[in-house]
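K.L.:
Just passing along the structure, written as structure tokens.
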Amino acid sequence: MKAKLVLLAALLTAGSAFAASEADYKAAYAAAEAANKEAGQLRNQWTTTASTLAAAKKAADAGDFDKATEAAKEAEALAKASIFQATSEKTLWRDLEIR
Amino acid sequence: MKLRAVRFGFSALALAALAFVLPATAADKIDPVADAKAFKKFFYDKFPKLKPEDFVNGPYSMDEGLHRQWVEKEQFPPYEFSVEAGKEMFTKPFKNGKTYEDCFPNKGIGIRQNYPYFDEKEGKVITLELALNRCREANGEAAYSYVKDEMAALTAYMAYTSRGKPFDIKIPDDPRALAAYEQGKEYFYSRRGQLNFSCATCHVQTPGERIRTEVLAPALGIMNAMPIYRSEWSGMGTTSRRFVTCNSQVRGVPFNPQDDEYRNVEYYLSYVANGLPISGPGARP
């Protein structure tokens with residue numbers, strides 16, 4: 001019996017190592033928001049960043065922090081891509097210019 | 001979604017690497033006259049069968065079948081109600097007794113081809129839509145939405161009174177005007193949104209081609225037809241509406257209508273179409 005309890009406790013502990021907590025979600029969301037804010041300062045936000053942030057918040061409100069954290073991380077990746085685009089286009093736009 | 005973001009990242013990295021390898025070709029000098037000449041030559045060479053004035057009819061100039069549709073559409077044009085409404089609004093006095101006529105040269109008739117212009121006092125580009133709302137506010141009236149309805153009707157009427165007059169956009173000898181022009185050009189060619197499209201992706205690289213069922217208009221003459229009735233919108237839309245929806249369609253967060261970016265890109269696109277006739281209001285699929 002004791003061995004079974006130890007095994008159950010070990011499994012629960014292992015499981016919680018993979019599940020996202022509210023704190024994980026909050027950290028991921030804050031990082032995504034900060035990146036999106038930076039994209040805004042560069043005047044180059046993407047609509048998909050906003051919708052993915054909204055999806056993260058919706059999942060968090062429903063208590064699904066795995067889904068919420070995953071969406072927040074995706075939003076951060078999108079925001080960072082928009083920052084990269086804005087920065088690289090500062091010079092790349094000339095490649096398309098008619099001369 | 002994540003995959004798309006990663007793909008975008010790779011293609012953007014590849015582009016960045018390419019730019020690093022290529023020699024720097026940035027223009028040293030802002031030369032709008034040379035730009036306009038090259039811009040027109042690009043489109044005239046790309047579509048050798050078209051006359052210059054055909055470009056102001058957008059996609060309807062790109063294809064014989066579409067052209068026939070346009071000829072038929074012009075018999076009972078869908079923008080007609082808007083022109084009528086605009087005419088009525090234009091002459092109806094504000095509460096203070098003045099009208100739009102008091103805000104514009106030549107009482108606002110036949111002047112659309114001069115907009116946008118660069119205001120040297122303010123140091124910024126002034127579009128027709130902006131001038132109309134400033135006229136309203138100066139006379140104690142609330143500003144209209146920039147994207148449709150009343151604003152589209154007013155600009156439709158003003159464009160109608162200017163039909164056939166060639167665009168005559170001036171860039172004064174003022175570094176701020178040149179900077180606004182250059183910023184408009186940069187905006188036009190810069191890729192935006194998750195789809196990584198610039199205005200030029202559709203309207204320079206692929207005019208005459210289709211995106212789904214839409215035939216893309218050439219950038220040359222694209223401002224001459226504004227405002228437009230779009231079947232897709234089931235209604236009229238202004239230049240502001242066109243810019244906002246273009247940004248949204250490539251999954252970019254649009255700016256507010258009449259933000260500097262939009263005013264400057266309108267200035268650039270109108271300038272390079274100098275000499276081509278105003279055809280607005282237009283109708284588009």
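By convention in this document, the chains of the structure tokens carry letters A, B, ... by their order, each chain's residues are numbered from 1, and ligands are numbered from 1 in the order they are shown.
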May I ask you to extract the residues of chain A within 10 Å of chain B, using only C-alpha atoms, and to give them as a count of residues only?
P.N.:
35
K.L.:
DSSP on the backbone: what in segment 33-159 of chain B comes out strand (DSSP E), as a ChimeraX atom specification?
P.N.:
/B:117-119,124-126
K.L.:
Would you list the contacts of Lys170 of chain B as a PyMOL selection string, taking every protein, DNA or RNA residue within 8 Å and counting only C-alpha atoms, but skipping same-chain residues closer than 6 positions in sequence?
P.N.:
chain B and resi 114+117-118+271
K.L.:
Please extract the residues of segment 21-209 of chain B with a backbone DSSP assignment of alpha helix (DSSP H) and present them as number ranges by chain.
P.N.:
B: 21, 32-46, 64-73, 80-91, 128-138, 149-160, 175-189, 199-203
K.L.:
Could you give me, as an mmCIF file with N, CA and C atoms, in the first residue's frame, the residues within 12 Å of Thr206 of chain B, counting only C-alpha atoms and dropping anything in the same chain fewer than 2 positions from it?
P.N.:
```
data_model
loop_
_atom_site.group_PDB
_atom_site.id
_atom_site.type_symbol
_atom_site.label_atom_id
_atom_site.label_comp_id
_atom_site.auth_asym_id
_atom_site.auth_seq_id
_atom_site.Cartn_x
_atom_site.Cartn_y
_atom_site.Cartn_z
ATOM 1 N N PHE B 43 5.035 50.404 -65.971
ATOM 2 C CA PHE B 43 3.680 49.929 -66.294
ATOM 3 C C PHE B 43 3.399 49.990 -67.795
ATOM 4 N N LYS B 46 5.037 47.006 -69.188
ATOM 5 C CA LYS B 46 4.385 45.765 -68.761
ATOM 6 C C LYS B 46 3.069 45.530 -69.506
ATOM 7 N N PHE B 47 2.387 46.629 -69.808
ATOM 8 C CA PHE B 47 1.095 46.525 -70.510
ATOM 9 C C PHE B 47 1.146 47.394 -71.776
ATOM 10 N N PRO B 59 -8.537 47.313 -62.599
ATOM 11 C CA PRO B 59 -8.609 45.975 -63.172
ATOM 12 C C PRO B 59 -9.394 45.930 -64.479
ATOM 13 N N MET B 62 -7.361 45.711 -67.531
ATOM 14 C CA MET B 62 -6.409 44.611 -67.619
ATOM 15 C C MET B 62 -6.884 43.458 -68.490
ATOM 16 N N PHE B 197 3.261 40.889 -47.199
ATOM 17 C CA PHE B 197 2.962 41.557 -48.464
ATOM 18 C C PHE B 197 3.214 43.047 -48.323
ATOM 19 N N SER B 198 3.724 43.633 -49.388
ATOM 20 C CA SER B 198 3.730 45.099 -49.461
ATOM 21 C C SER B 198 2.618 45.498 -50.424
ATOM 22 N N CYS B 199 2.338 46.805 -50.489
ATOM 23 C CA CYS B 199 1.366 47.278 -51.493
ATOM 24 C C CYS B 199 1.852 46.845 -52.872
ATOM 25 N N ALA B 200 3.198 46.930 -53.069
ATOM 26 C CA ALA B 200 3.790 46.626 -54.372
ATOM 27 C C ALA B 200 3.676 45.145 -54.733
ATOM 28 N N THR B 201 3.585 44.284 -53.740
ATOM 29 C CA THR B 201 3.478 42.849 -54.037
ATOM 30 C C THR B 201 2.288 42.602 -54.954
ATOM 31 N N CYS B 202 1.167 43.228 -54.632
ATOM 32 C CA CYS B 202 -0.034 43.045 -55.466
ATOM 33 C C CYS B 202 -0.054 44.004 -56.653
ATOM 34 N N HIS B 203 0.279 45.265 -56.391
ATOM 35 C CA HIS B 203 -0.027 46.291 -57.391
ATOM 36 C C HIS B 203 1.147 46.678 -58.292
ATOM 37 N N VAL B 204 2.319 46.088 -58.040
ATOM 38 C CA VAL B 204 3.461 46.276 -58.956
ATOM 39 C C VAL B 204 3.886 44.927 -59.531
ATOM 40 N N GLY B 208 -3.074 42.618 -62.843
ATOM 41 C CA GLY B 208 -3.626 41.821 -63.943
ATOM 42 C C GLY B 208 -3.760 40.348 -63.585
ATOM 43 N N GLU B 209 -3.037 39.926 -62.540
ATOM 44 C CA GLU B 209 -3.168 38.540 -62.077
ATOM 45 C C GLU B 209 -4.320 38.469 -61.079
ATOM 46 N N ARG B 210 -4.656 37.261 -60.710
ATOM 47 C CA ARG B 210 -5.771 37.111 -59.772
ATOM 48 C C ARG B 210 -5.302 36.722 -58.382
ATOM 49 N N ILE B 211 -5.994 37.261 -57.382
ATOM 50 C CA ILE B 211 -5.926 36.697 -56.036
ATOM 51 C C ILE B 211 -7.327 36.201 -55.781
ATOM 52 N N GLU B 214 -10.303 37.981 -57.530
ATOM 53 C CA GLU B 214 -10.036 39.400 -57.781
ATOM 54 C C GLU B 214 -8.921 39.587 -58.790
ATOM 55 N N VAL B 215 -9.128 40.483 -59.752
ATOM 56 C CA VAL B 215 -8.031 40.865 -60.638
ATOM 57 C C VAL B 215 -7.364 42.085 -60.005
ATOM 58 N N LEU B 216 -6.069 41.988 -59.818
ATOM 59 C CA LEU B 216 -5.357 43.055 -59.112
ATOM 60 C C LEU B 216 -5.133 44.267 -60.015
ATOM 61 N N ALA B 217 -5.347 45.436 -59.442
ATOM 62 C CA ALA B 217 -5.196 46.687 -60.195
ATOM 63 C C ALA B 217 -3.726 47.096 -60.233
ATOM 64 N N PRO B 218 -3.328 47.768 -61.301
ATOM 65 C CA PRO B 218 -1.970 48.323 -61.313
ATOM 66 C C PRO B 218 -1.883 49.518 -60.360
ATOM 67 N N ALA B 219 -0.703 49.708 -59.783
ATOM 68 C CA ALA B 219 -0.533 50.837 -58.852
ATOM 69 C C ALA B 219 -0.652 52.165 -59.592
#
```
